[in-house]
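Structure file data-v6.txt (compact mmCIF, C-alpha atoms and all ligand atoms) follows.
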# COMPACT_ATOMS: atom_id res chain seq x y z
CA MET X 1021 -3.14 -15.05 -12.76
CA MET X 1022 -3.32 -11.85 -10.70
CA LYS X 1023 -0.01 -10.15 -9.99
CA LYS X 1024 0.81 -9.80 -6.30
CA THR X 1025 3.40 -7.32 -5.23
CA ALA X 1026 5.48 -7.60 -2.07
CA LEU X 1027 7.39 -4.87 -0.28
CA HIS X 1028 10.50 -6.15 1.52
CA ILE X 1029 11.85 -3.85 4.25
CA ILE X 1030 15.32 -4.44 5.70
CA SER X 1031 16.29 -2.62 8.89
CA SER X 1032 19.39 -4.30 10.33
CA ALA X 1033 22.71 -2.53 9.98
CA ARG X 1034 24.58 -5.84 9.73
CA GLY X 1035 24.20 -6.38 6.00
CA SER X 1036 24.64 -9.95 4.81
CA ALA X 1037 25.48 -11.08 8.40
CA SER X 1038 21.98 -10.06 9.54
CA PHE X 1039 19.70 -12.83 10.76
CA SER X 1040 16.54 -10.72 10.35
CA LYS X 1041 17.53 -10.07 6.73
CA GLY X 1042 18.26 -13.79 6.29
CA LEU X 1043 14.81 -14.68 7.63
CA SER X 1044 12.91 -11.99 5.73
CA SER X 1045 14.69 -13.05 2.52
CA ALA X 1046 13.74 -16.71 3.18
CA ILE X 1047 10.11 -15.57 3.60
CA VAL X 1048 10.28 -13.72 0.25
CA ASP X 1049 11.68 -16.84 -1.47
CA ARG X 1050 9.06 -19.08 0.13
CA LEU X 1051 6.16 -16.82 -0.93
CA ILE X 1052 7.55 -16.67 -4.49
CA SER X 1053 7.81 -20.46 -4.65
CA LYS X 1054 4.20 -20.74 -3.38
CA GLN X 1055 3.18 -18.19 -6.06
CA GLU X 1056 1.72 -15.91 -3.38
CA ILE X 1057 3.81 -13.03 -4.73
CA ASP X 1058 5.57 -12.41 -8.00
CA THR X 1059 6.97 -8.90 -7.85
CA VAL X 1060 9.24 -7.79 -4.99
CA ILE X 1061 10.22 -4.21 -4.21
CA GLU X 1062 13.12 -4.14 -1.73
CA ARG X 1063 13.93 -1.15 0.48
CA ASP X 1064 17.01 -1.30 2.68
CA LEU X 1065 16.46 1.39 5.30
CA THR X 1066 20.17 1.37 6.19
CA ARG X 1067 20.93 2.81 2.74
CA GLU X 1068 18.54 5.72 3.02
CA ALA X 1069 17.38 6.26 6.60
CA PRO X 1070 13.84 7.56 7.07
CA PRO X 1071 13.95 11.11 8.46
CA PHE X 1072 12.83 11.65 12.05
CA LEU X 1073 9.71 13.73 12.58
CA LYS X 1074 10.49 17.40 13.05
CA GLY X 1075 8.05 20.21 13.80
CA ASN X 1076 7.74 21.50 10.24
CA LEU X 1077 7.20 17.96 8.87
CA VAL X 1078 4.53 17.22 11.50
CA GLY X 1079 2.86 20.50 10.47
CA ALA X 1080 2.92 19.38 6.82
CA PHE X 1081 1.46 15.97 7.79
CA TYR X 1082 -1.67 17.63 9.16
CA LYS X 1083 -2.17 20.13 6.37
CA ASP X 1084 -4.46 19.74 3.38
CA PRO X 1085 -1.93 18.51 0.78
CA ARG X 1086 -3.42 20.92 -1.79
CA THR X 1087 -2.28 23.87 0.34
CA ALA X 1088 1.29 22.60 0.94
CA ASP X 1089 3.99 25.00 -0.23
CA GLU X 1090 7.18 23.97 -2.04
CA GLU X 1091 9.20 23.47 1.16
CA GLU X 1092 6.43 21.32 2.71
CA ARG X 1093 6.12 19.23 -0.45
CA ARG X 1094 9.88 18.60 -0.29
CA LEU X 1095 9.64 17.55 3.38
CA LEU X 1096 6.77 15.19 2.53
CA GLN X 1097 8.61 13.43 -0.31
CA TYR X 1098 9.93 10.54 1.79
CA ALA X 1099 6.60 10.02 3.58
CA ASP X 1100 4.75 10.10 0.25
CA SER X 1101 7.12 7.48 -1.17
CA VAL X 1102 6.46 5.18 1.82
CA VAL X 1103 2.68 5.58 1.45
CA SER X 1104 3.00 4.81 -2.25
CA ASP X 1105 5.19 1.73 -1.62
CA VAL X 1106 2.69 0.35 0.92
CA SER X 1107 -0.38 1.23 -1.18
CA ASN X 1108 1.09 -0.63 -4.16
CA ALA X 1109 1.94 -3.75 -2.12
CA ASP X 1110 -0.39 -6.66 -1.33
CA VAL X 1111 2.12 -8.25 1.04
CA LEU X 1112 4.67 -6.59 3.33
CA ILE X 1113 7.71 -8.46 4.62
CA LEU X 1114 9.25 -6.46 7.46
CA GLY X 1115 12.62 -7.52 8.86
CA THR X 1116 13.86 -6.19 12.18
CA PRO X 1117 16.51 -6.94 14.78
CA MET X 1118 15.35 -6.82 18.40
CA TYR X 1119 17.12 -3.92 20.06
CA ASN X 1120 16.41 -3.46 23.78
CA LEU X 1121 13.21 -5.48 23.42
CA GLY X 1122 11.88 -3.19 20.67
CA MET X 1123 12.00 -2.98 16.89
CA SER X 1124 14.91 -1.21 15.20
CA ALA X 1125 14.73 2.59 15.24
CA LEU X 1126 14.90 2.54 11.42
CA LEU X 1127 11.73 0.45 11.17
CA LYS X 1128 9.98 2.63 13.77
CA ALA X 1129 11.00 5.77 11.84
CA TRP X 1130 9.65 4.18 8.63
CA ILE X 1131 6.30 3.44 10.33
CA ASP X 1132 6.19 7.04 11.62
CA GLN X 1133 6.56 8.22 8.00
CA LEU X 1134 3.84 5.83 6.79
CA VAL X 1135 1.01 6.60 9.23
CA ARG X 1136 -0.81 9.73 8.05
CA PHE X 1137 -4.11 11.20 9.18
CA GLY X 1138 -6.34 11.72 6.13
CA ILE X 1139 -4.26 9.34 4.02
CA THR X 1140 -3.76 5.98 5.77
CA TYR X 1141 -6.59 6.53 8.27
CA GLY X 1142 -9.41 8.88 9.13
CA TYR X 1143 -12.63 9.13 11.13
CA ASP X 1144 -16.12 8.40 9.83
CA GLU X 1145 -19.16 10.61 10.51
CA LYS X 1146 -19.70 8.84 13.85
CA GLY X 1147 -16.12 9.60 14.92
CA VAL X 1148 -14.96 6.01 14.54
CA ARG X 1149 -11.39 5.61 13.31
CA LYS X 1150 -11.04 3.74 10.01
CA GLY X 1151 -7.89 2.56 8.24
CA HIS X 1152 -7.91 3.23 4.51
CA LEU X 1153 -5.44 0.55 3.34
CA ASN X 1154 -7.28 -2.66 4.23
CA GLY X 1155 -6.38 -6.25 3.48
CA LYS X 1156 -2.57 -6.08 3.57
CA LYS X 1157 -0.75 -9.18 4.75
CA VAL X 1158 2.32 -8.51 6.90
CA TYR X 1159 5.08 -11.05 7.54
CA LEU X 1160 7.24 -9.79 10.40
CA ALA X 1161 10.72 -11.32 10.66
CA ILE X 1162 12.31 -10.70 14.07
CA ALA X 1163 15.89 -11.68 15.00
CA SER X 1164 16.81 -11.72 18.69
CA GLY X 1165 19.96 -12.65 20.54
CA GLY X 1166 17.90 -14.32 23.27
CA ARG X 1167 14.80 -16.50 23.15
CA MET X 1168 11.21 -15.44 23.81
CA ALA X 1169 10.75 -18.47 26.08
CA ASP X 1170 13.34 -16.95 28.45
CA TRP X 1171 11.29 -13.78 29.04
CA ALA X 1172 7.98 -13.08 30.72
CA PRO X 1173 5.15 -13.04 28.11
CA ASP X 1174 4.45 -9.36 28.79
CA ASN X 1175 7.93 -8.54 27.46
CA GLU X 1176 6.75 -9.09 23.87
CA PHE X 1177 6.59 -5.63 22.29
CA ILE X 1178 7.57 -5.84 18.61
CA SER X 1179 4.87 -8.09 17.18
CA SER X 1180 2.12 -6.61 19.37
CA HIS X 1181 3.20 -3.08 18.41
CA VAL X 1182 3.28 -3.75 14.66
CA ARG X 1183 -0.09 -5.55 14.77
CA ALA X 1184 -1.69 -2.74 16.78
CA VAL X 1185 -0.34 0.15 14.75
CA PHE X 1186 -1.29 -1.41 11.39
CA ASN X 1187 -4.79 -2.29 12.53
CA ALA X 1188 -5.35 1.13 14.11
CA TYR X 1189 -3.82 3.40 11.47
CA ILE X 1190 -3.38 1.48 8.20
CA GLY X 1191 -6.36 -0.90 7.89
CA ASP X 1192 -7.44 -4.46 8.65
CA THR X 1193 -4.12 -6.29 8.50
CA GLU X 1194 -3.18 -9.93 8.98
CA VAL X 1195 0.19 -10.00 10.80
CA HIS X 1196 2.22 -13.21 10.81
CA THR X 1197 5.28 -13.14 13.05
CA LEU X 1198 8.28 -15.39 12.42
CA ARG X 1199 11.30 -15.42 14.70
CA VAL X 1200 14.92 -16.41 14.49
CA GLU X 1201 15.86 -16.61 18.15
CA GLY X 1202 18.98 -17.15 20.23
CA THR X 1203 21.30 -15.66 17.60
CA ALA X 1204 23.74 -14.55 20.33
CA MET X 1205 24.05 -18.04 21.80
CA PRO X 1206 27.35 -19.88 21.28
CA GLY X 1207 27.40 -22.05 18.15
CA PHE X 1208 24.10 -20.64 16.87
CA GLU X 1209 23.20 -21.54 13.30
CA ALA X 1210 20.06 -20.26 11.60
CA ASP X 1211 17.71 -22.80 10.03
CA TYR X 1212 15.47 -20.54 7.97
CA GLN X 1213 13.90 -23.37 6.00
CA THR X 1214 12.40 -24.86 9.18
CA ILE X 1215 11.09 -21.45 10.30
CA VAL X 1216 9.34 -20.77 6.97
CA ALA X 1217 8.23 -24.37 6.33
CA ASN X 1218 4.65 -23.79 7.51
CA LEU X 1219 3.99 -20.67 5.47
C1 LIG X 1301 21.98 -2.48 20.65
C2 LIG X 1301 21.50 -3.91 20.72
C3 LIG X 1301 20.48 -4.25 21.57
C4 LIG X 1301 20.03 -5.56 21.63
N1 LIG X 1301 18.99 -5.87 22.46
C5 LIG X 1301 18.56 -7.15 22.52
C6 LIG X 1301 17.49 -7.50 23.38
O1 LIG X 1301 16.90 -6.68 24.07
N2 LIG X 1301 17.12 -8.80 23.44
C7 LIG X 1301 17.72 -9.76 22.68
O2 LIG X 1301 17.33 -10.92 22.75
N3 LIG X 1301 18.73 -9.47 21.85
C8 LIG X 1301 19.17 -8.19 21.77
N4 LIG X 1301 20.20 -7.86 20.92
C9 LIG X 1301 20.77 -8.92 20.03
C10 LIG X 1301 20.16 -8.85 18.62
O3 LIG X 1301 18.76 -8.92 18.69
C11 LIG X 1301 20.69 -9.98 17.76
O4 LIG X 1301 22.09 -9.79 17.57
C12 LIG X 1301 19.99 -10.07 16.42
O5 LIG X 1301 20.52 -11.16 15.69
C13 LIG X 1301 20.16 -8.77 15.63
O6 LIG X 1301 19.48 -8.86 14.39
P1 LIG X 1301 20.29 -8.91 13.00
O7 LIG X 1301 21.05 -10.21 13.04
O8 LIG X 1301 19.24 -8.89 11.96
O9 LIG X 1301 21.20 -7.72 12.95
C14 LIG X 1301 20.65 -6.56 20.84
C15 LIG X 1301 21.70 -6.20 19.97
C16 LIG X 1301 22.12 -4.90 19.92
C17 LIG X 1301 23.26 -4.54 18.98

Exercise: express the given structure as structure tokens:
Amino acid sequence: MMKKTALHIISSARGSASFSKGLSSAIVDRLISKQEIDTVIERDLTREAPPFLKGNLVGAFYKDPRTADEEERRLLQYADSVVSDVSNADVLILGTPMYNLGMSALLKAWIDQLVRFGITYGYDEKGVRKGHLNGKKVYLAIASGGRMADWAPDNEFISSHVRAVFNAYIGDTEVHTLRVEGTAMPGFEADYQTIVANL
């Protein structure tokens, strides 16, 4: 049987108390038990935070890699490791807390290191943008203190952002969003098995 590799990204600072980590881990276990994945690479972004984009790194992003000097190659190391992690994965499981209606800054910084002109996307001869890493499956695990049903529908930003950025700059990507909601409500208890039951 073909080996399928998953990349599990953790981006909550709350360690084992994190509901997004609890949900993303339940997704990993469920996909293993369904034999959809068999190898899991885990990256906890709170252990090694992705660097923010600075001028000299942005410059290196847009340079022909063959002409990068030693300093630029050093700056690109983290970004190159993210591209390699994602290239090697068939399935991505991304965990994020909702902070101020958005994804965690760690996950956003990781995405900013992943998206690279000439590497993850480019333009064809007609000027149409094309992602180069097609066919990834993304499971997005979002934990929020409140519930989506309590907000206006146009206040959904995390899932729509991840879906849009992957399909624009990574490749054709199936994004499945799972939510653990209302974590800040009194007496809340997470039932991950029910959330992942339909996967
Ligand atoms: C700085 C901060 C901002 C937050 N913003 C929101 C928010 O906009 N909407 C919401 O429903 N919950 C919000 N929360 C609550 C978290 O989403 C909730 O605690 C969630 O369980 C965090 O994920 P984690 O358990 O994986 O750490 C916020 C929490 C913090 C610390």

Can you write out as a Markdown table which residues of chain X fall within 8 Å of ligand LIG 1301 (chain X), alongside each residue's closest atom pair and its distance in Å to one decimal, counting only C-alpha atoms and all ligand atoms and ordering rows by chain and ascending residue number?
| residue | atom | partner | partner_atom | distance |
| --- | --- | --- | --- | --- |
| X:Ser1031 | CA | X:LIG1301 | O8 | 7.6 |
| X:Ser1032 | CA | X:LIG1301 | O9 | 4.7 |
| X:Ala1033 | CA | X:LIG1301 | O9 | 6.2 |
| X:Arg1034 | CA | X:LIG1301 | O9 | 5.0 |
| X:Gly1035 | CA | X:LIG1301 | O9 | 7.7 |
| X:Ala1037 | CA | X:LIG1301 | O7 | 6.5 |
| X:Ser1038 | CA | X:LIG1301 | O7 | 3.6 |
| X:Phe1039 | CA | X:LIG1301 | O7 | 3.7 |
| X:Ser1040 | CA | X:LIG1301 | O8 | 3.6 |
| X:Lys1041 | CA | X:LIG1301 | O8 | 5.6 |
| X:Gly1042 | CA | X:LIG1301 | O8 | 7.6 |
| X:Gly1115 | CA | X:LIG1301 | O8 | 7.4 |
| X:Thr1116 | CA | X:LIG1301 | O8 | 6.0 |
| X:Pro1117 | CA | X:LIG1301 | O6 | 3.6 |
| X:Met1118 | CA | X:LIG1301 | O3 | 4.0 |
| X:Tyr1119 | CA | X:LIG1301 | N1 | 3.6 |
| X:Asn1120 | CA | X:LIG1301 | O1 | 3.3 |
| X:Leu1121 | CA | X:LIG1301 | O1 | 3.9 |
| X:Gly1122 | CA | X:LIG1301 | O1 | 7.0 |
| X:Ile1162 | CA | X:LIG1301 | O6 | 7.4 |
| X:Ala1163 | CA | X:LIG1301 | O6 | 4.6 |
| X:Ser1164 | CA | X:LIG1301 | O3 | 3.4 |
| X:Gly1165 | CA | X:LIG1301 | N3 | 3.7 |
| X:Gly1166 | CA | X:LIG1301 | O2 | 3.5 |
| X:Arg1167 | CA | X:LIG1301 | O2 | 6.1 |
| X:Met1168 | CA | X:LIG1301 | O2 | 7.7 |
| X:Val1200 | CA | X:LIG1301 | O5 | 7.8 |
| X:Glu1201 | CA | X:LIG1301 | O2 | 7.5 |
| X:Gly1202 | CA | X:LIG1301 | O2 | 6.9 |
| X:Thr1203 | CA | X:LIG1301 | O5 | 5.0 |
| X:Ala1204 | CA | X:LIG1301 | O4 | 5.7 |

Nearest to His1028 in chain X by atom-to-atom distance, counting only C-alpha atoms, from X:Thr1059, X:Thr1197, X:Thr1087, X:Ser1053: X:Thr1059

In Å, how far is it from CA of Ser1045 in chain X to CA of Asp1058 in chain X? 13.9 Å

From the set X:Ala1109, X:Val1182, X:Leu1127, X:Ala1046, which residue has the shortest atom-to-atom contact distance to Glu1068 in chain X, counting all atoms listed in the file? X:Leu1127

Within 6 Å of (3.7, 7.1, 5.2), all atoms listed in the file: residues as a JSON list (two decimals) with C-alpha atoms, keeping the file's coordinate frame?
[["chain", "number", "residue", "atom", "x", "y", "z"],
["X", 1099, "ALA", "CA", 6.60, 10.02, 3.58],
["X", 1100, "ASP", "CA", 4.75, 10.10, 0.25],
["X", 1102, "VAL", "CA", 6.46, 5.18, 1.82],
["X", 1103, "VAL", "CA", 2.68, 5.58, 1.45],
["X", 1133, "GLN", "CA", 6.56, 8.22, 8.00],
["X", 1134, "LEU", "CA", 3.84, 5.83, 6.79],
["X", 1135, "VAL", "CA", 1.01, 6.60, 9.23],
["X", 1136, "ARG", "CA", -0.81, 9.73, 8.05]]

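Checking X:Leu1153, X:Leu1065, X:Val1158, X:Val1078 one by one against Arg1183 in chain X, counting only C-alpha atoms, you find the shortest gap at X:Val1158.
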
Tell me, as an MDAnalysis selection string, which residues lie within 12 Å of Glu1194 in chain X, counting only C-alpha atoms; anything in the same chain fewer than 6 positions away does not count. chainID X and resid 1110:1113 1154:1160 1179 1182:1187

Box dimensions and centre (Å, one decimal) enclosing range 1157-1175 of chain X, axis-aligned, 4 Å extra per side, as lines of an AutoDock Vina configuration file:
center_x = 9.6
center_y = -13.5
center_z = 17.7
size_x = 28.7
size_y = 18.0
size_z = 34.0

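Of note, CA of Val1060 in chain X and CA of Tyr1098 in chain X are spaced 19.6 Å apart.
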
Identify which of the residues X:Glu1176, X:Glu1062, X:Asp1192, X:Glu1092 lies closest to Gly1075 in chain X, counting all atoms listed in the file when measuring atom-to-atom distances.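 Of all the options, X:Glu1092 lies closest to Gly1075 in chain X.
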
Just checking: using all atoms listed in the file, which residue out of X:Ala1088, X:Ala1129, X:Ile1029, X:Ala1172 ends up closest to Lys1074 in chain X? X:Ala1129

What gap, in Å, lies between CA of Ile1178 in chain X and CA of Ser1124 in chain X?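 Here the two named atoms are 9.3 Å from each other.
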
Pick out the closest residue to Pro1070 in chain X from this set: X:Asp1132, X:Asp1211, X:Asp1170, X:Glu1145. Count only C-alpha atoms.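 Counting only C-alpha atoms, the residue closest to Pro1070 in chain X is X:Asp1132.
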
Since the input lacks some atoms of range 1027-1053 of chain X, please model N, CA and C atoms and print them as a PDB file, in the frame of the given file.
ATOM      1  N   LEU X1027       6.426  -5.887  -0.682  1.00  0.00           N
ATOM      2  CA  LEU X1027       7.390  -4.870  -0.280  1.00  0.00           C
ATOM      3  C   LEU X1027       8.254  -5.474   0.813  1.00  0.00           C
ATOM      4  N   HIS X1028       9.556  -5.523   0.568  1.00  0.00           N
ATOM      5  CA  HIS X1028      10.500  -6.150   1.520  1.00  0.00           C
ATOM      6  C   HIS X1028      11.307  -5.040   2.184  1.00  0.00           C
ATOM      7  N   ILE X1029      11.155  -4.907   3.499  1.00  0.00           N
ATOM      8  CA  ILE X1029      11.850  -3.850   4.250  1.00  0.00           C
ATOM      9  C   ILE X1029      12.954  -4.477   5.100  1.00  0.00           C
ATOM     10  N   ILE X1030      14.158  -3.962   4.944  1.00  0.00           N
ATOM     11  CA  ILE X1030      15.320  -4.440   5.700  1.00  0.00           C
ATOM     12  C   ILE X1030      15.737  -3.336   6.656  1.00  0.00           C
ATOM     13  N   SER X1031      15.980  -3.694   7.930  1.00  0.00           N
ATOM     14  CA  SER X1031      16.290  -2.620   8.890  1.00  0.00           C
ATOM     15  C   SER X1031      17.427  -2.968   9.843  1.00  0.00           C
ATOM     16  N   SER X1032      18.210  -3.998   9.517  1.00  0.00           N
ATOM     17  CA  SER X1032      19.390  -4.300  10.330  1.00  0.00           C
ATOM     18  C   SER X1032      20.612  -3.709   9.675  1.00  0.00           C
ATOM     19  N   ALA X1033      21.494  -3.160  10.497  1.00  0.00           N
ATOM     20  CA  ALA X1033      22.710  -2.530   9.980  1.00  0.00           C
ATOM     21  C   ALA X1033      23.784  -3.562   9.631  1.00  0.00           C
ATOM     22  N   ARG X1034      23.512  -4.858   9.849  1.00  0.00           N
ATOM     23  CA  ARG X1034      24.580  -5.840   9.730  1.00  0.00           C
ATOM     24  C   ARG X1034      24.692  -6.497   8.351  1.00  0.00           C
ATOM     25  N   GLY X1035      24.030  -5.926   7.379  1.00  0.00           N
ATOM     26  CA  GLY X1035      24.200  -6.380   6.000  1.00  0.00           C
ATOM     27  C   GLY X1035      23.961  -7.868   5.838  1.00  0.00           C
ATOM     28  N   SER X1036      24.868  -8.536   5.120  1.00  0.00           N
ATOM     29  CA  SER X1036      24.640  -9.950   4.810  1.00  0.00           C
ATOM     30  C   SER X1036      24.804 -10.840   6.055  1.00  0.00           C
ATOM     31  N   ALA X1037      25.358 -10.283   7.162  1.00  0.00           N
ATOM     32  CA  ALA X1037      25.480 -11.080   8.400  1.00  0.00           C
ATOM     33  C   ALA X1037      24.184 -11.046   9.217  1.00  0.00           C
ATOM     34  N   SER X1038      23.205 -10.258   8.757  1.00  0.00           N
ATOM     35  CA  SER X1038      21.980 -10.060   9.540  1.00  0.00           C
ATOM     36  C   SER X1038      21.061 -11.266   9.503  1.00  0.00           C
ATOM     37  N   PHE X1039      20.642 -11.709  10.687  1.00  0.00           N
ATOM     38  CA  PHE X1039      19.700 -12.830  10.760  1.00  0.00           C
ATOM     39  C   PHE X1039      18.272 -12.387  10.393  1.00  0.00           C
ATOM     40  N   SER X1040      17.897 -11.163  10.736  1.00  0.00           N
ATOM     41  CA  SER X1040      16.540 -10.720  10.350  1.00  0.00           C
ATOM     42  C   SER X1040      16.437 -10.597   8.832  1.00  0.00           C
ATOM     43  N   LYS X1041      17.531 -10.150   8.199  1.00  0.00           N
ATOM     44  CA  LYS X1041      17.530 -10.070   6.730  1.00  0.00           C
ATOM     45  C   LYS X1041      17.517 -11.485   6.136  1.00  0.00           C
ATOM     46  N   GLY X1042      18.267 -12.400   6.768  1.00  0.00           N
ATOM     47  CA  GLY X1042      18.260 -13.790   6.290  1.00  0.00           C
ATOM     48  C   GLY X1042      16.865 -14.377   6.354  1.00  0.00           C
ATOM     49  N   LEU X1043      16.170 -14.126   7.481  1.00  0.00           N
ATOM     50  CA  LEU X1043      14.810 -14.680   7.630  1.00  0.00           C
ATOM     51  C   LEU X1043      13.826 -13.992   6.692  1.00  0.00           C
ATOM     52  N   SER X1044      13.886 -12.664   6.603  1.00  0.00           N
ATOM     53  CA  SER X1044      12.910 -11.990   5.730  1.00  0.00           C
ATOM     54  C   SER X1044      13.130 -12.395   4.271  1.00  0.00           C
ATOM     55  N   SER X1045      14.406 -12.609   3.890  1.00  0.00           N
ATOM     56  CA  SER X1045      14.690 -13.050   2.520  1.00  0.00           C
ATOM     57  C   SER X1045      14.163 -14.472   2.282  1.00  0.00           C
ATOM     58  N   ALA X1046      14.269 -15.331   3.304  1.00  0.00           N
ATOM     59  CA  ALA X1046      13.740 -16.710   3.180  1.00  0.00           C
ATOM     60  C   ALA X1046      12.208 -16.672   3.046  1.00  0.00           C
ATOM     61  N   ILE X1047      11.571 -15.717   3.727  1.00  0.00           N
ATOM     62  CA  ILE X1047      10.110 -15.570   3.600  1.00  0.00           C
ATOM     63  C   ILE X1047       9.760 -15.151   2.168  1.00  0.00           C
ATOM     64  N   VAL X1048      10.514 -14.181   1.629  1.00  0.00           N
ATOM     65  CA  VAL X1048      10.280 -13.720   0.250  1.00  0.00           C
ATOM     66  C   VAL X1048      10.386 -14.918  -0.702  1.00  0.00           C
ATOM     67  N   ASP X1049      11.473 -15.700  -0.560  1.00  0.00           N
ATOM     68  CA  ASP X1049      11.680 -16.840  -1.470  1.00  0.00           C
ATOM     69  C   ASP X1049      10.551 -17.857  -1.346  1.00  0.00           C
ATOM     70  N   ARG X1050      10.133 -18.102  -0.103  1.00  0.00           N
ATOM     71  CA  ARG X1050       9.060 -19.080   0.130  1.00  0.00           C
ATOM     72  C   ARG X1050       7.743 -18.624  -0.513  1.00  0.00           C
ATOM     73  N   LEU X1051       7.426 -17.337  -0.362  1.00  0.00           N
ATOM     74  CA  LEU X1051       6.160 -16.820  -0.930  1.00  0.00           C
ATOM     75  C   LEU X1051       6.210 -16.820  -2.463  1.00  0.00           C
ATOM     76  N   ILE X1052       7.410 -16.591  -3.022  1.00  0.00           N
ATOM     77  CA  ILE X1052       7.550 -16.670  -4.490  1.00  0.00           C
ATOM     78  C   ILE X1052       7.321 -18.108  -4.934  1.00  0.00           C
ATOM     79  N   SER X1053       7.934 -19.059  -4.206  1.00  0.00           N
ATOM     80  CA  SER X1053       7.810 -20.460  -4.650  1.00  0.00           C
ATOM     81  C   SER X1053       6.365 -20.956  -4.481  1.00  0.00           C
TER      82      SER X1053
END
